[in-house]
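S.K.: I have a structure I would like to understand better, so I am pasting it below and will then ask my questions one at a time.
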Amino acid sequence: MAANRTGVTSPRTPLKSILTEKAKGIPNDSAGTVKAQTIEELHSLQRKRSAPNTPLQGTAGAFANLSEDERQRQQLQSISASLASLTRGTGPKVIRGDPGGGKYEAVSHVAHHHHIEAPVISVSDSSLKFTHVLYNLSPGELYEQALKYEKGSFLTSTGALATLSGAKTGRSPRDKRVVIDDTTQDELWWGKGSPNIEMDEHTFMVNRERAVDYLNSLDKVFVNDQFLNWDPKNRIKVRIVSCRAYHSLFMHNMCIRPTSEELENFGTPDFTIYNAGQFPCNRYTHYMTSSTSIDINLNRKEMVILGTQYAGEMKKGLFGLMHYLMPKRHILSLHSGCNMGKDGDVALFFGLSGTGKTTLSTDHNRFLIGDDEHCWSDDCVSNIEGGCYAKCIDLSKEKEPDIWNAIKFGTVLENVVFDEHTREVDYTDKSVTENTRAAYPIEFIPNAKIPCFCPHPKNVILLACDAFGVLPPVSKLSLAQTMYHFISGYTALVAGTVDGIKEPTATFSACFGAAFLMLHPTTYAAMLAEKMHEHGATGWLVNTGWCGGSYGSGNRIKLPYTRKIINAIHSGSLLKATYEKTEVFGLKIPSEIEGVPQEILRPENAWADKEAYKNTLLKLAGLFKNNFETFTEYKIGEDKLTEEILAAGPIF
């Protein structure tokens, strides 16, 4: 009974019965009911297992013509051997798959996971456990691992994975060690100016044991089997064993990603990295100067990382390896950018940080071969890497649209700061470090040429940001001058002095990448001279720095002017220009370039104070001369070439 507005109760009207689809003769769900009895079973249906791939025809890989079970068994056996402690002689028991958050119940059905039970010499805790191997996970799987287990991992507004590299936000060159033995003692560049600091075999094995023991103590490790060098004739197989999803995703992006068929037949790697960066080295170990150590053993084809989680150590460690291996095959390894025009004309770009190498090699009108590491063989120029590692500080869509658009799902963002609510990244924020970075596959660049190799270059462009303001915006170089400036590797940085006045500071880095060289710089210079001569390449020195005065009084050369210069080099029009020679450095400069003000082409014309110009020019020439004295004792190619290179420097 219910009361109406007058307060008089009236009988309740019964509700009308609801006619369901079943009553109408229509089933509840036209697709039928879900084929699962439990929520766990439903979740198992959500993820489909990839079908085994058929190896490529004619492929004679290590695992060819094997059953899927046998292939996985041998694959795990290979990984177990990589993780073997040499003092115990055996690898750990490895099992494929996620341990389920560290719960050991997951290994109760070990037969399903094709585990390897290695014979144990001495019983220890580590010998009683399984090490779960997360093998060549996809970016989606690695995102899940990072977001779930790694503090400091977040999804940004564009879909990139933001991570932290810990206390180290850059490379630690003073903690890098290379094993010296009977072979490397004579082959490698040691001593003054060299980045290679020696260690003995025993100390390397101590650190290797420490890294391997740490990795084996974990519930799970990430294993990446990938390639270096897009040239199929000279491809290198690398294995990276790490303990962070961040590191695994970084290397997934930076190395060349194998196809399913290539992975099935990967076999034994040519080089292995043990990244135990979360665990420090022992400071009391001989040759150690801190809790960080990055150790390379070329004879054992291994690299060990302790005490730093900065992912760039892996990238540059492999670059150093290529600087050693490739010259043995008469292939020149280069720290350079590379792009190709639509007509097949190729240019190499060399330059230190801040010279514009990445900006100028990324051109919407040309195909990108790579932005950082290349090989020049008898057949082609090839990118060593499968990705790009771009600086993010002050990144904007207007300045670098390609890099901006590449920061999406799959990209690793290192040490950036973002809004805690919107997850939008503030690329101007240096709270963590100024060295913020993005690592992404090269396919994320729209005009990247895949596969990343191309014909021999027509132009070799050496970039210098001259903050002294005395080098011309562009100079055409002789072969000897190209070698001189290649070995010098000059740019100038702006540093603050104690009284607050800023002045330029010259920086020299041999071959525009001394930190990564294994052999003496003259070895690479001689190879570059030989290849440029053989293929008729022209050398150019391009100043992207100041004109009309040094930093503080002059002006930075405008980027549109530099692009006009680079375009004139690409088109070949600059070869037809009229040239005149400068004083001291003896550089050939064009009398005019379309779209570039004539007064800036000759530096002294842009300086109001001619005396100050001459003094600054002589100062820079002296710095060049002092730097080059390190290399005068070495033979570079033929004796005549050595004399020509020495004569190609500044003349007072």
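By convention in this document, the chains of the structure tokens carry letters A, B, ... by their order, each chain's residues are numbered from 1, and ligands are numbered from 1 in the order they are shown.
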Per DSSP on the backbone, filter segment 306-459 of chain A down to the residues in strand (DSSP E or B) and report them as a ChimeraX atom specification.
M.R.: /A:306,332-335,337-340,346-350,367-370,373-376,381-383,387-391,412-414,417-418,425-426,437-441,448,453-454,459
S.K.: Which segment 158-186 of chain A residues have any atom within 12 Å of an atom of segment 390-412 of chain A, and for each, what is the nearest pair of atoms with distance in Å to one decimal, counting only C-alpha atoms, rows sorted by chain and number, as a Markdown table?
M.R.:
```
| residue | atom | partner | partner_atom | distance |
| --- | --- | --- | --- | --- |
| A:Thr158 | CA | A:Lys408 | CA | 5.1 |
| A:Gly159 | CA | A:Phe409 | CA | 4.3 |
| A:Ala160 | CA | A:Lys408 | CA | 4.7 |
| A:Leu161 | CA | A:Val412 | CA | 5.0 |
| A:Ala162 | CA | A:Val412 | CA | 6.1 |
| A:Thr163 | CA | A:Val412 | CA | 7.1 |
| A:Leu164 | CA | A:Val412 | CA | 10.1 |
| A:Ser165 | CA | A:Val412 | CA | 11.2 |
| A:Gly170 | CA | A:Lys391 | CA | 11.8 |
```
S.K.: Just give me the gap between atom CA of His335 of chain A and atom CA of Cys511 of chain A in Å, one decimal is fine.
M.R.: 7.6 Å
S.K.: Find the residues around segment 245-250 of chain A up to 7 Å (only C-alpha atoms counted), leave out those fewer than 4 positions away in its own chain, and share them as a VMD selection string.
M.R.: chain A and resid 139 142 145 to 146 163 222 224 254 311 412 439
S.K.: Which neighbours of segment 369-374 of chain A fall inside 7 Å, counting only C-alpha atoms, when residues of the same chain fewer than 6 positions from it are skipped, and could you give them as a PDB file with N, CA, C and O atoms, in the first residue's frame?
M.R.:
```pdb
ATOM      1  N   SER A 333      85.632   1.570 -38.928  1.00  0.00           N
ATOM      2  CA  SER A 333      84.553   1.890 -37.987  1.00  0.00           C
ATOM      3  C   SER A 333      84.588   3.382 -37.708  1.00  0.00           C
ATOM      4  O   SER A 333      85.660   3.965 -37.516  1.00  0.00           O
ATOM      5  N   LEU A 334      83.402   4.013 -37.701  1.00  0.00           N
ATOM      6  CA  LEU A 334      83.320   5.471 -37.668  1.00  0.00           C
ATOM      7  C   LEU A 334      82.309   5.956 -36.645  1.00  0.00           C
ATOM      8  O   LEU A 334      81.197   5.418 -36.566  1.00  0.00           O
ATOM      9  N   HIS A 335      82.677   6.993 -35.894  1.00  0.00           N
ATOM     10  CA  HIS A 335      81.741   7.678 -35.005  1.00  0.00           C
ATOM     11  C   HIS A 335      81.142   8.824 -35.807  1.00  0.00           C
ATOM     12  O   HIS A 335      81.639   9.954 -35.778  1.00  0.00           O
ATOM     13  N   SER A 336      80.075   8.533 -36.550  1.00  0.00           N
ATOM     14  CA  SER A 336      79.546   9.511 -37.494  1.00  0.00           C
ATOM     15  C   SER A 336      78.063   9.300 -37.732  1.00  0.00           C
ATOM     16  O   SER A 336      77.514   8.229 -37.449  1.00  0.00           O
ATOM     17  N   GLY A 337      77.413  10.332 -38.276  1.00  0.00           N
ATOM     18  CA  GLY A 337      76.080  10.205 -38.827  1.00  0.00           C
ATOM     19  C   GLY A 337      76.193   9.940 -40.311  1.00  0.00           C
ATOM     20  O   GLY A 337      77.247  10.164 -40.918  1.00  0.00           O
ATOM     21  N   CYS A 338      75.120   9.473 -40.927  1.00  0.00           N
ATOM     22  CA  CYS A 338      75.164   9.164 -42.356  1.00  0.00           C
ATOM     23  C   CYS A 338      73.767   9.310 -42.946  1.00  0.00           C
ATOM     24  O   CYS A 338      72.792   8.821 -42.376  1.00  0.00           O
ATOM     25  N   ASN A 339      73.684   9.994 -44.096  1.00  0.00           N
ATOM     26  CA  ASN A 339      72.410  10.034 -44.810  1.00  0.00           C
ATOM     27  C   ASN A 339      72.638   9.925 -46.307  1.00  0.00           C
ATOM     28  O   ASN A 339      73.776  10.003 -46.795  1.00  0.00           O
ATOM     29  N   THR A 358      73.679  15.318 -35.214  1.00  0.00           N
ATOM     30  CA  THR A 358      72.368  14.672 -35.298  1.00  0.00           C
ATOM     31  C   THR A 358      71.392  15.538 -36.087  1.00  0.00           C
ATOM     32  O   THR A 358      70.663  15.043 -36.958  1.00  0.00           O
ATOM     33  N   SER A 361      72.438  15.608 -39.921  1.00  0.00           N
ATOM     34  CA  SER A 361      72.332  14.320 -40.625  1.00  0.00           C
ATOM     35  C   SER A 361      70.884  13.865 -40.736  1.00  0.00           C
ATOM     36  O   SER A 361      70.560  12.987 -41.531  1.00  0.00           O
ATOM     37  N   VAL A 381      78.587   1.475 -46.910  1.00  0.00           N
ATOM     38  CA  VAL A 381      78.584   2.045 -45.555  1.00  0.00           C
ATOM     39  C   VAL A 381      77.362   1.475 -44.851  1.00  0.00           C
ATOM     40  O   VAL A 381      76.254   1.490 -45.407  1.00  0.00           O
ATOM     41  N   SER A 382      77.534   0.938 -43.647  1.00  0.00           N
ATOM     42  CA  SER A 382      76.426   0.308 -42.922  1.00  0.00           C
ATOM     43  C   SER A 382      76.347   0.840 -41.500  1.00  0.00           C
ATOM     44  O   SER A 382      77.368   1.159 -40.886  1.00  0.00           O
ATOM     45  N   ASN A 383      75.130   0.951 -41.015  1.00  0.00           N
ATOM     46  CA  ASN A 383      74.897   1.343 -39.624  1.00  0.00           C
ATOM     47  C   ASN A 383      75.246   0.168 -38.720  1.00  0.00           C
ATOM     48  O   ASN A 383      74.880  -0.984 -39.019  1.00  0.00           O
ATOM     49  N   ILE A 384      75.934   0.426 -37.636  1.00  0.00           N
ATOM     50  CA  ILE A 384      76.255  -0.630 -36.669  1.00  0.00           C
ATOM     51  C   ILE A 384      75.025  -0.973 -35.836  1.00  0.00           C
ATOM     52  O   ILE A 384      74.809  -2.127 -35.470  1.00  0.00           O
ATOM     53  N   GLU A 385      74.191   0.025 -35.569  1.00  0.00           N
ATOM     54  CA  GLU A 385      73.115  -0.122 -34.593  1.00  0.00           C
ATOM     55  C   GLU A 385      71.744  -0.311 -35.244  1.00  0.00           C
ATOM     56  O   GLU A 385      71.561  -0.096 -36.435  1.00  0.00           O
ATOM     57  N   CYS A 388      68.464   4.661 -32.258  1.00  0.00           N
ATOM     58  CA  CYS A 388      69.051   5.981 -32.035  1.00  0.00           C
ATOM     59  C   CYS A 388      69.016   6.296 -30.541  1.00  0.00           C
ATOM     60  O   CYS A 388      68.082   5.902 -29.841  1.00  0.00           O
ATOM     61  N   ALA A 448      63.985   6.815 -42.372  1.00  0.00           N
ATOM     62  CA  ALA A 448      65.108   5.884 -42.198  1.00  0.00           C
ATOM     63  C   ALA A 448      65.086   4.852 -43.316  1.00  0.00           C
ATOM     64  O   ALA A 448      64.026   4.354 -43.704  1.00  0.00           O
ATOM     65  N   LYS A 449      66.269   4.541 -43.834  1.00  0.00           N
ATOM     66  CA  LYS A 449      66.377   3.521 -44.880  1.00  0.00           C
ATOM     67  C   LYS A 449      66.619   2.175 -44.218  1.00  0.00           C
ATOM     68  O   LYS A 449      67.591   1.986 -43.500  1.00  0.00           O
ATOM     69  N   CYS A 452      69.731  -0.668 -43.137  1.00  0.00           N
ATOM     70  CA  CYS A 452      70.514   0.555 -42.985  1.00  0.00           C
ATOM     71  C   CYS A 452      71.919   0.411 -43.568  1.00  0.00           C
ATOM     72  O   CYS A 452      72.915   0.379 -42.833  1.00  0.00           O
ATOM     73  N   PHE A 453      72.013   0.303 -44.875  1.00  0.00           N
ATOM     74  CA  PHE A 453      73.307   0.408 -45.534  1.00  0.00           C
ATOM     75  C   PHE A 453      73.119   1.103 -46.873  1.00  0.00           C
ATOM     76  O   PHE A 453      72.005   1.194 -47.395  1.00  0.00           O
TER      77      PHE A 453
END
```
S.K.: Run DSSP on the backbone of this structure and report the residues of segment 505-623 of chain A it assigns to alpha helix (DSSP H), as a PyMOL selection string.
M.R.: chain A and resi 521-535+559-571+598-601+603-606+610-623
S.K.: Please provide as a list in words all residues within 9 Å of Leu463 of chain A, with the sequence filter that same-chain residues fewer than 6 positions apart are discarded (counting only C-alpha atoms).
M.R.: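 Residues near the query, excluding close chain neighbours: Phe349, Phe350, Gly351, Leu352, Thr355, Gly356, Lys357, Gly489, Tyr490, Thr491, Trp540, Leu541, Val542, Asn543 and Thr544 of chain A.
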S.K.: Of the candidates A:Tyr274, A:Phe628, A:Trp189, A:Phe418, which shows the shortest atom-to-atom distance to Asn207 of chain A, using only C-alpha atoms?
M.R.: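 When distances to Asn207 of chain A are compared using only C-alpha atoms, the smallest one comes from A:Tyr274.
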S.K.: List the spatial neighbours of Ser509 of chain A as a short mmCIF file (atom, residue, chain, number, x, y, z; two decimals) with N, CA, C and O atoms, in the first residue's frame - criterion: any atom at most 12 Å away, only C-alpha atoms, same-chain residues fewer than 2 positions off excluded.
M.R.:
```
data_model
loop_
_atom_site.label_atom_id
_atom_site.label_comp_id
_atom_site.auth_asym_id
_atom_site.auth_seq_id
_atom_site.Cartn_x
_atom_site.Cartn_y
_atom_site.Cartn_z
N GLY A 193 96.77 10.15 -23.95
CA GLY A 193 95.64 10.42 -24.83
C GLY A 193 94.72 9.25 -25.06
O GLY A 193 93.62 9.41 -25.58
N SER A 194 95.15 8.04 -24.68
CA SER A 194 94.35 6.85 -24.94
C SER A 194 93.24 6.69 -23.91
O SER A 194 93.43 6.97 -22.72
N PRO A 195 92.07 6.20 -24.34
CA PRO A 195 90.99 5.94 -23.39
C PRO A 195 91.13 4.57 -22.72
O PRO A 195 90.36 4.25 -21.81
N HIS A 335 82.68 6.99 -35.89
CA HIS A 335 81.74 7.68 -35.00
C HIS A 335 81.14 8.82 -35.81
O HIS A 335 81.64 9.95 -35.78
N PHE A 350 80.81 13.93 -39.23
CA PHE A 350 81.57 13.75 -38.01
C PHE A 350 81.43 15.00 -37.15
O PHE A 350 81.40 16.12 -37.68
N GLY A 351 81.35 14.82 -35.85
CA GLY A 351 81.27 15.99 -34.99
C GLY A 351 81.09 15.59 -33.54
O GLY A 351 80.43 14.60 -33.23
N LEU A 352 81.69 16.36 -32.65
CA LEU A 352 81.54 16.13 -31.22
C LEU A 352 80.21 16.71 -30.73
O LEU A 352 79.46 17.33 -31.50
N SER A 353 79.93 16.53 -29.46
CA SER A 353 78.68 16.99 -28.87
C SER A 353 78.51 18.49 -29.08
O SER A 353 79.43 19.28 -28.87
N ALA A 464 82.56 21.41 -36.70
CA ALA A 464 83.21 22.00 -35.53
C ALA A 464 82.36 23.18 -35.07
O ALA A 464 81.95 24.01 -35.88
N HIS A 485 92.39 17.28 -39.76
CA HIS A 485 91.26 17.70 -38.93
C HIS A 485 90.48 16.50 -38.39
O HIS A 485 89.87 16.60 -37.32
N PHE A 486 90.54 15.37 -39.09
CA PHE A 486 89.92 14.14 -38.58
C PHE A 486 90.67 13.64 -37.34
O PHE A 486 90.06 13.28 -36.33
N ILE A 487 91.99 13.64 -37.43
CA ILE A 487 92.79 13.20 -36.28
C ILE A 487 92.65 14.19 -35.12
O ILE A 487 92.58 13.79 -33.95
N SER A 488 92.57 15.48 -35.43
CA SER A 488 92.46 16.49 -34.38
C SER A 488 91.11 16.40 -33.67
O SER A 488 91.05 16.46 -32.43
N GLY A 489 90.02 16.27 -34.41
CA GLY A 489 88.68 16.16 -33.82
C GLY A 489 88.34 17.36 -32.96
O GLY A 489 88.00 17.23 -31.78
N TYR A 490 88.36 18.55 -33.56
CA TYR A 490 88.22 19.80 -32.78
C TYR A 490 86.78 20.27 -32.65
O TYR A 490 85.98 20.18 -33.58
N THR A 491 86.47 20.81 -31.50
CA THR A 491 85.33 21.70 -31.29
C THR A 491 85.70 22.59 -30.12
O THR A 491 86.76 22.43 -29.51
N ALA A 492 84.85 23.57 -29.80
CA ALA A 492 85.12 24.44 -28.65
C ALA A 492 83.88 24.53 -27.79
O ALA A 492 82.77 24.69 -28.29
N ALA A 506 88.93 25.10 -26.05
CA ALA A 506 89.12 24.14 -27.13
C ALA A 506 89.05 22.71 -26.60
O ALA A 506 89.57 22.41 -25.52
N THR A 507 88.41 21.85 -27.36
CA THR A 507 88.32 20.43 -27.04
C THR A 507 88.74 19.62 -28.26
O THR A 507 88.26 19.88 -29.36
N CYS A 511 89.65 11.48 -34.04
CA CYS A 511 88.67 10.80 -34.90
C CYS A 511 87.24 11.13 -34.49
O CYS A 511 86.32 10.36 -34.78
N PHE A 512 87.07 12.23 -33.80
CA PHE A 512 85.76 12.69 -33.31
C PHE A 512 85.10 11.63 -32.42
O PHE A 512 83.88 11.53 -32.37
N GLY A 513 85.93 10.87 -31.70
CA GLY A 513 85.39 9.86 -30.79
C GLY A 513 86.49 9.10 -30.08
O GLY A 513 86.47 7.87 -30.03
N ALA A 514 87.46 9.83 -29.51
CA ALA A 514 88.63 9.19 -28.89
C ALA A 514 88.24 8.25 -27.76
O ALA A 514 88.92 7.25 -27.52
N ALA A 515 87.14 8.54 -27.07
CA ALA A 515 86.75 7.74 -25.90
C ALA A 515 86.42 6.30 -26.25
O ALA A 515 86.39 5.44 -25.37
N PHE A 516 86.20 6.01 -27.55
CA PHE A 516 85.75 4.67 -27.94
C PHE A 516 86.78 3.93 -28.80
O PHE A 516 86.53 2.80 -29.22
N LEU A 517 87.92 4.58 -29.08
CA LEU A 517 88.92 3.97 -29.96
C LEU A 517 89.68 2.86 -29.24
O LEU A 517 89.99 2.97 -28.07
N PRO A 521 94.70 6.36 -33.26
CA PRO A 521 93.92 7.16 -34.21
C PRO A 521 94.48 7.16 -35.63
O PRO A 521 93.72 7.24 -36.60
N PHE A 624 95.85 23.89 -31.78
CA PHE A 624 95.88 22.79 -32.74
C PHE A 624 97.27 22.16 -32.79
O PHE A 624 97.41 20.93 -32.76
N ASN A 627 98.14 20.15 -29.64
CA ASN A 627 97.39 18.90 -29.58
C ASN A 627 97.96 17.87 -30.54
O ASN A 627 98.06 16.68 -30.20
N PHE A 628 98.38 18.31 -31.73
CA PHE A 628 98.80 17.34 -32.76
C PHE A 628 100.17 16.75 -32.49
O PHE A 628 100.53 15.73 -33.09
N THR A 630 101.03 15.03 -30.18
CA THR A 630 100.85 13.66 -29.67
C THR A 630 100.97 12.64 -30.79
O THR A 630 101.36 11.49 -30.56
#
```
S.K.: Pick out the closest residue to Ser571 of chain A from this set: A:Leu587, A:Leu618, A:Val470, A:Arg366. Count only C-alpha atoms.
M.R.: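 Nearest to Ser571 of chain A: A:Arg366.
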S.K.: Write out as a list in words which residues come within 10 Å of Pro258 of chain A when counting only C-alpha atoms, dropping same-chain ones fewer than 5 positions away.
M.R.: Asn136, Asp225, Gln226, Phe227, Lys237, His252, Leu263, Glu264 and Phe266 of chain A
S.K.: Next, write the just-selected residues to a file, as an mmCIF file, in the first residue's frame, keeping C-alpha atoms as the atom set.
M.R.:
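To be explicit, this is the file written out as part_39.cif:
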```
data_model
loop_
_atom_site.group_PDB
_atom_site.id
_atom_site.type_symbol
_atom_site.label_atom_id
_atom_site.label_comp_id
_atom_site.auth_asym_id
_atom_site.auth_seq_id
_atom_site.Cartn_x
_atom_site.Cartn_y
_atom_site.Cartn_z
ATOM 1 C CA ASN A 136 64.270 -11.629 -26.009
ATOM 2 C CA ASP A 225 70.443 -12.191 -28.412
ATOM 3 C CA GLN A 226 70.903 -9.539 -31.107
ATOM 4 C CA PHE A 227 73.158 -8.325 -33.920
ATOM 5 C CA LYS A 237 76.202 -11.757 -32.796
ATOM 6 C CA HIS A 252 66.368 -4.255 -27.787
ATOM 7 C CA LEU A 263 66.732 -16.108 -33.488
ATOM 8 C CA GLU A 264 65.941 -19.795 -33.861
ATOM 9 C CA PHE A 266 71.319 -17.802 -33.385
#
```
